[in-house]
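S.K.: One structure, pasted below without further comment.
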Amino acid sequence: MSLDKATVAKIAHLARIKVPDEELESLAGELSQILTFVEQLNEVDTKDVPPMTSVAAQKLRRRKDEVTDGGYAAQVLSNGPETAEGFYVVPKVVE
Amino acid sequence: MTALTHLTMAEALDGLAKKEFTAVELTEAHVRAVEAVRPFNIFITETPDAALSMAKASDERRVKGEAGPMDGLPIAVKDLFCTKGVPTTAGSHILDGFKPEYESTVTSQLWRDGAVMLGKVNLDEFAMGSATITAHQGETVSPWSPGAPGAWEKKIVAGGSSGGSAAVIAARAALGATGTDTGGSIRQPAGYTGTVGIKPTYGRCSRWGIVAYASSLDQAGPMTRTVEDAAIMLRSMCGFDPKDSTSVDMPVPDFRAALTGDIRCLRVGIPKEYRVEGLSPEIAALWDQGIAWLKEAGAEPVEVSLPHTKYALAAYYIIAPAEASSNLARYDGVRYGLRVEGGNLKEMYENTRGAGFGKEVQRRILIGTYVLSAGYYDAYYNKARQVRTRIKWDFDEAFKSCDVILTPTAPSTPFAIGEKMDDPVQMYLNDVFTVPINLAGLPAMSVPAGLGADGLPLGLQLIGRPFDEETLLRVGHVVEKAANFTALPPFMA
C-alpha cells in the first residue's frame with residue numbers, strides 16, 4: 001500500500017496535526033513502508049475468527065449509578081493553559 | 001559492608017530491620033547517586049527533597065513498628081505515571097508544565113508500602129519506542145556504554161520505552177523502578193541492561209493514572225536487579241482497583257514465597273517459531289544454555305508451536321497506533337500542557353499537536369487514524385484484531401502441553417544510538433519476541449543470562465499462563481541462579 005501526499009495531508013487534518021508541506025513527501029514514504037509491512041496479515045486465514053475485544057475473560061463490572069467523585073473544579077482546571085471563571089477558554093467557535 | 005547503592009531490595013530491607021542504617025542514610029546515598037548519573041540523562045525530574053522527607057517518615061514508622069513491605073526503599077518512577085504535584089511529561093513537549101492533581105494507583109500503592117521516590121525517569125515519548133531516544137528531553141545513554149561518561153567511545157541505548165528505569169537501576173542510582181510494557185517496553189530494556197523486568201498479566205496492575213498509549217496492551221510492572229526484588233515490588237504494585245474497568249479482582253499472592261527453587265517436573269515450552277531468521281548465533285546459543293539450565297534443575301523441555309508469531313508485529317502496529325490515535329486525542333491545548341495559538345479553534349488544535357508531538361508519535365497517530373478511517377477499518381483494524389485472537393489461541397494451545405515458555409528477550413544485543421534509525425520497521429523488529437505476549441495479555445519477564453561478544457547484556461524471557469506470575473518468578477529465579485550474572489556496567493554511581 002502506498003500513500004500519496006494528498007492522502008497524508010488528509011489524514012493529518014483528520015488527526016488535527018499540522019504537517020508542513022515539505023514534510024508530506026517523506027512522511028508518505030514512511031507511512032507506506034509501515035502499511036506495506038502490515039499487509040502480510042492478509043496471509044492469515046481469519047474466516048470465522050472473532051476479532052478480539054478483550055484479553056481478559058471478564059465482563060465489565062457494574063456499579064450503582066451515583067456520584068462517587070467530583071466537586072473540585074479548581075483542581076480540574078489548574079492545568080489549563082487558559083481558564084476563566086471556572087471554564088476552559090478556547091478560541092471563538094460560533095460566528 | 002557493601003555500598004548502600006549496591007544492595008538489593010531484600011538486603012536493604014534486612015539492613016533497615018537490623019538498624020544497620022536508616023532509610024535517610026540509604027536515601028542520601030541514592031540522592032548522591034542520582035546526581036552522579038546526570039551525564040546519562042536518566043532523570044527528567046529529580047525529587048531529592050521529597051525523597052528525604054519520605055525517608056524520614058519511613059524511619060519514624062519503623063521505630064513505631066509500622067514499617068510496610070517496601071519501607072525505606074528508594075525507587076525511580078517512569079515519567080508516564082502521574083505523581084501528584086510532580087511534573088509528569090510522558091517524555092513529550094505537549095505535556096509541558098503538567099502537574100497532576102492526583103496520584104496513579106500503582107505509585108500510590110508503592111508509597112503506601114513505604115517506598116521512597118527519587119524522581120521521574122526518561123522514556124520514549126508516550127512510551128512509543130525501543131531505545132529511549134525519542135523524548136523531548138533527549139536520549140538516555142546506557143551505563144553499559146564503553147568509555148568515560150560524556151566521552152563515550154560509543155553511546156549504547158538502554159532499550160525502551162522504559163529505558164530510564166532500566167538505566168537507573170543498572171547504574172546503581174535506584175534499587176528499583178516502575179516500568180510500563182505495551183509491546184516489550186519493560187522486558188527489552190531489562191534485557192539490554194542486565195536487569196530483571198516483569199510485565200504482569202493484563203489486569204494485574206491498575207492502569208489508572210498512567211498516561212495511556214494503547215489501553216488493551218499497556219501494563220505496569222517492576223524493574224529491579226534481582227528476581228527476588230521483582231517479587232517484592234510486584235506485590236506492592238498489583239491489586240484490584242475499581243477505577244480501572246479492566247483491573248481484575250483477584251487476591252495478590254506473596255510472590256516471594258514462590259521462589260522455592262523447585263521446578264522439578266515442570267514442562268518448559270520452547271516455541272520453534274522463535275528461531276527466527278536473523279537471530280544472532282550467540283543468542284541462539286544462550287537460549288540453548290537456558291534450556292540446559294532448566295533441564296539440570298529437573299524441568300522437562302518440550303517443543304511447542306506458536307504458528308502466528310510472525311504476524312504479531314504487523315497486528316501490533318495496527319492495534320497499538322489505532323488505540324494511540326484515540327487516546328492521544330485528548331492533547332489538544334485546552335485542558336493541560338502546551339497550547340500553540342491559531343486563527344481559530346481547529347488551527348489551534350493543529351498547531352498545538354504539530355508542535356507538541358515528536359515525529360514517532362505523529363507517525364503512529366497518523367497510522368492509527370488511517371486504519372480506523374472509513375473504508376479501511378475492516379481491512380486493517382478488524383483484520384488485526386482477528387489475527388490477535390489467533391495469536392491468543394496459539395498460546396492457549398501451547399499451554400496445554402507446557403507450564404511456562406522460554407525464549408530470548410530480544411533478537412540481538414543493544415545497539416548504538418544512531419543505528420537502526422532510518423527505517424521505522426527495522427526498529428520495530430526489536431520487539432519481535434515481546435509483542436506477542438502483550439497481544440495475548442500474558443505475564444512475562446526478562447532475566448539477565450549472559451554477555452554477548454561485545455560485552456553487552458543478553459536476557460532470556462519467560463512467559464506464563466494468565467495470572468500465574470508465581471511460576472514465572474519461580475522459574476526466573478532458577479535461571480538467575482544458574483546464569484549467575486555478576487557482570488557490572490562500566491559506570492556505576
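Within each chain, counting starts at residue 1; across the C-alpha cells, chains are named A, B, ... in the order shown, with ligands numbered 1 upward in that order.
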May I have the residues within 10 Å of Tyr349 of chain B as a ChimeraX atom specification, using only C-alpha atoms and disregarding those fewer than 2 positions away in the same chain?
M.R.: /A:15-18 /B:329,331-334,339-342,344-347,351-354
S.K.: In segment 350-433 of chain B, what's alpha helix (DSSP H) per DSSP? Answer as a ChimeraX atom specification?
M.R.: /B:350-356,359-371,383-398,424-428
S.K.: Counting only C-alpha atoms, which residues from chain A have an atom at most 9 Å from any atom of chain B, and could you show them as a ChimeraX atom specification?
M.R.: /A:8,11-20,27,30-31,33-35,37-42,44-47,49-56,58,60-61,75-83,88-93
S.K.: Hey, can you check how far atom CA of Ala410 of chain B sits from atom CA of Gly194 of chain B?
M.R.: 12.4 Å
S.K.: Which residues are near Val157 of chain B? Cut-off 6 Å, only C-alpha atoms, ignore same chain within fewer than 2 positions. Put them as a PyMOL selection string.
M.R.: chain B and resi 131+141-142+159+416-417
S.K.: Can you tell me how far atom CA of Leu306 of chain B sits from atom CA of Gly464 of chain B, in Å to one decimal?
M.R.: 14.1 Å
S.K.: Would you mind listing what lies within 7 Å of Gly160 of chain B as a list in words, with only C-alpha atoms counted and same-chain residues fewer than 2 positions away left out?
M.R.: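 Everything that qualifies: Leu123, Asp124, Gly129, Ser130, Ala131, Thr132, Ala158, Ser162, Gly163, Ser185, Gln188 and Pro189 of chain B.
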S.K.: Could you pull the residues within 8 Å of Pro443 of chain B, counting only C-alpha atoms, minus those fewer than 3 positions along the same chain, as a list of chain:residue names?
M.R.: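 Using only C-alpha atoms, the neighbours found are B:Ile198, B:Lys199, B:Pro200, B:Thr201, B:Tyr202, B:Ile437, B:Ile463, B:Gly464, B:Arg465, B:Pro466, B:Phe467, B:Asp468, B:Glu469, B:Leu472.
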S.K.: Can you tell me which residues surround Gly455 of chain B at a distance of at most 12 Å, considering only C-alpha atoms, apart from same-chain residues fewer than 4 positions away, and format the answer as a ChimeraX atom specification?
M.R.: /B:144-146,156,192-194,282,413-415,450-451,487-490
S.K.: In segment 284-463 of chain B, what's strand (DSSP E) per DSSP? Answer as a PyMOL selection string?
M.R.: chain B and resi 300-304+404-408+417-420+444-451+457-463
S.K.: Selected residues, N, CA and C atoms, written as a PDB file, in the first residue's frame, please.
M.R.:
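Full text of part26.pdb as output:
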ATOM      1  N   GLU B 300      11.331 -30.223  32.386  1.00  0.00           N
ATOM      2  CA  GLU B 300      11.304 -31.015  31.157  1.00  0.00           C
ATOM      3  C   GLU B 300      11.004 -30.104  29.963  1.00  0.00           C
ATOM      4  N   PRO B 301      12.000 -29.900  29.074  1.00  0.00           N
ATOM      5  CA  PRO B 301      11.742 -29.060  27.907  1.00  0.00           C
ATOM      6  C   PRO B 301      10.833 -29.786  26.911  1.00  0.00           C
ATOM      7  N   VAL B 302       9.855 -29.056  26.368  1.00  0.00           N
ATOM      8  CA  VAL B 302       9.005 -29.632  25.331  1.00  0.00           C
ATOM      9  C   VAL B 302       8.884 -28.627  24.194  1.00  0.00           C
ATOM     10  N   GLU B 303       8.905 -29.135  22.974  1.00  0.00           N
ATOM     11  CA  GLU B 303       8.749 -28.208  21.849  1.00  0.00           C
ATOM     12  C   GLU B 303       7.277 -27.819  21.732  1.00  0.00           C
ATOM     13  N   VAL B 304       7.018 -26.526  21.573  1.00  0.00           N
ATOM     14  CA  VAL B 304       5.651 -26.081  21.329  1.00  0.00           C
ATOM     15  C   VAL B 304       5.638 -25.245  20.048  1.00  0.00           C
ATOM     16  N   VAL B 404       5.297 -23.183  31.310  1.00  0.00           N
ATOM     17  CA  VAL B 404       5.961 -21.898  31.148  1.00  0.00           C
ATOM     18  C   VAL B 404       6.722 -21.991  29.827  1.00  0.00           C
ATOM     19  N   ILE B 405       6.977 -20.847  29.197  1.00  0.00           N
ATOM     20  CA  ILE B 405       7.673 -20.846  27.903  1.00  0.00           C
ATOM     21  C   ILE B 405       8.967 -20.062  28.045  1.00  0.00           C
ATOM     22  N   LEU B 406      10.035 -20.576  27.438  1.00  0.00           N
ATOM     23  CA  LEU B 406      11.344 -19.911  27.482  1.00  0.00           C
ATOM     24  C   LEU B 406      11.741 -19.445  26.085  1.00  0.00           C
ATOM     25  N   THR B 407      12.126 -18.174  25.968  1.00  0.00           N
ATOM     26  CA  THR B 407      12.595 -17.617  24.688  1.00  0.00           C
ATOM     27  C   THR B 407      13.689 -16.587  24.990  1.00  0.00           C
ATOM     28  N   PRO B 408      14.399 -16.120  23.973  1.00  0.00           N
ATOM     29  CA  PRO B 408      15.244 -14.945  24.198  1.00  0.00           C
ATOM     30  C   PRO B 408      14.359 -13.708  24.396  1.00  0.00           C
ATOM     31  N   ILE B 417      23.281   4.300  19.773  1.00  0.00           N
ATOM     32  CA  ILE B 417      22.380   5.386  19.396  1.00  0.00           C
ATOM     33  C   ILE B 417      22.795   5.864  18.003  1.00  0.00           C
ATOM     34  N   GLY B 418      21.839   5.958  17.106  1.00  0.00           N
ATOM     35  CA  GLY B 418      22.149   6.352  15.719  1.00  0.00           C
ATOM     36  C   GLY B 418      21.995   5.188  14.755  1.00  0.00           C
ATOM     37  N   GLU B 419      22.152   3.942  15.266  1.00  0.00           N
ATOM     38  CA  GLU B 419      21.934   2.774  14.414  1.00  0.00           C
ATOM     39  C   GLU B 419      20.440   2.488  14.312  1.00  0.00           C
ATOM     40  N   LYS B 420      20.028   1.819  13.241  1.00  0.00           N
ATOM     41  CA  LYS B 420      18.647   1.361  13.066  1.00  0.00           C
ATOM     42  C   LYS B 420      17.635   2.497  13.042  1.00  0.00           C
ATOM     43  N   ALA B 444       4.989 -12.072  31.586  1.00  0.00           N
ATOM     44  CA  ALA B 444       6.304 -12.484  31.078  1.00  0.00           C
ATOM     45  C   ALA B 444       7.371 -11.683  31.796  1.00  0.00           C
ATOM     46  N   MET B 445       8.586 -12.242  31.829  1.00  0.00           N
ATOM     47  CA  MET B 445       9.678 -11.497  32.460  1.00  0.00           C
ATOM     48  C   MET B 445      10.982 -11.726  31.728  1.00  0.00           C
ATOM     49  N   SER B 446      11.892 -10.766  31.879  1.00  0.00           N
ATOM     50  CA  SER B 446      13.235 -10.923  31.332  1.00  0.00           C
ATOM     51  C   SER B 446      14.213 -11.073  32.484  1.00  0.00           C
ATOM     52  N   VAL B 447      15.108 -12.047  32.348  1.00  0.00           N
ATOM     53  CA  VAL B 447      16.120 -12.314  33.372  1.00  0.00           C
ATOM     54  C   VAL B 447      17.494 -12.224  32.706  1.00  0.00           C
ATOM     55  N   PRO B 448      18.454 -11.499  33.320  1.00  0.00           N
ATOM     56  CA  PRO B 448      19.782 -11.416  32.709  1.00  0.00           C
ATOM     57  C   PRO B 448      20.442 -12.790  32.684  1.00  0.00           C
ATOM     58  N   ALA B 449      21.023 -13.154  31.532  1.00  0.00           N
ATOM     59  CA  ALA B 449      21.516 -14.528  31.402  1.00  0.00           C
ATOM     60  C   ALA B 449      22.950 -14.611  30.909  1.00  0.00           C
ATOM     61  N   GLY B 450      23.500 -13.521  30.390  1.00  0.00           N
ATOM     62  CA  GLY B 450      24.873 -13.600  29.906  1.00  0.00           C
ATOM     63  C   GLY B 450      25.281 -12.320  29.205  1.00  0.00           C
ATOM     64  N   LEU B 451      26.501 -12.362  28.656  1.00  0.00           N
ATOM     65  CA  LEU B 451      27.008 -11.225  27.896  1.00  0.00           C
ATOM     66  C   LEU B 451      27.273 -11.658  26.470  1.00  0.00           C
ATOM     67  N   PRO B 457      24.858  -6.954  27.775  1.00  0.00           N
ATOM     68  CA  PRO B 457      23.988  -7.982  28.373  1.00  0.00           C
ATOM     69  C   PRO B 457      22.977  -8.599  27.406  1.00  0.00           C
ATOM     70  N   LEU B 458      22.640  -9.840  27.725  1.00  0.00           N
ATOM     71  CA  LEU B 458      21.614 -10.576  26.990  1.00  0.00           C
ATOM     72  C   LEU B 458      20.619 -11.134  28.007  1.00  0.00           C
ATOM     73  N   GLY B 459      19.358 -11.116  27.648  1.00  0.00           N
ATOM     74  CA  GLY B 459      18.346 -11.614  28.567  1.00  0.00           C
ATOM     75  C   GLY B 459      17.567 -12.787  27.988  1.00  0.00           C
ATOM     76  N   LEU B 460      17.019 -13.594  28.894  1.00  0.00           N
ATOM     77  CA  LEU B 460      16.091 -14.648  28.483  1.00  0.00           C
ATOM     78  C   LEU B 460      14.698 -14.268  28.976  1.00  0.00           C
ATOM     79  N   GLN B 461      13.700 -14.591  28.161  1.00  0.00           N
ATOM     80  CA  GLN B 461      12.325 -14.260  28.514  1.00  0.00           C
ATOM     81  C   GLN B 461      11.565 -15.517  28.925  1.00  0.00           C
ATOM     82  N   LEU B 462      10.773 -15.386  29.987  1.00  0.00           N
ATOM     83  CA  LEU B 462       9.864 -16.458  30.396  1.00  0.00           C
ATOM     84  C   LEU B 462       8.445 -15.944  30.239  1.00  0.00           C
ATOM     85  N   ILE B 463       7.571 -16.801  29.733  1.00  0.00           N
ATOM     86  CA  ILE B 463       6.173 -16.424  29.510  1.00  0.00           C
ATOM     87  C   ILE B 463       5.304 -17.388  30.311  1.00  0.00           C
TER      88      ILE B 463
END
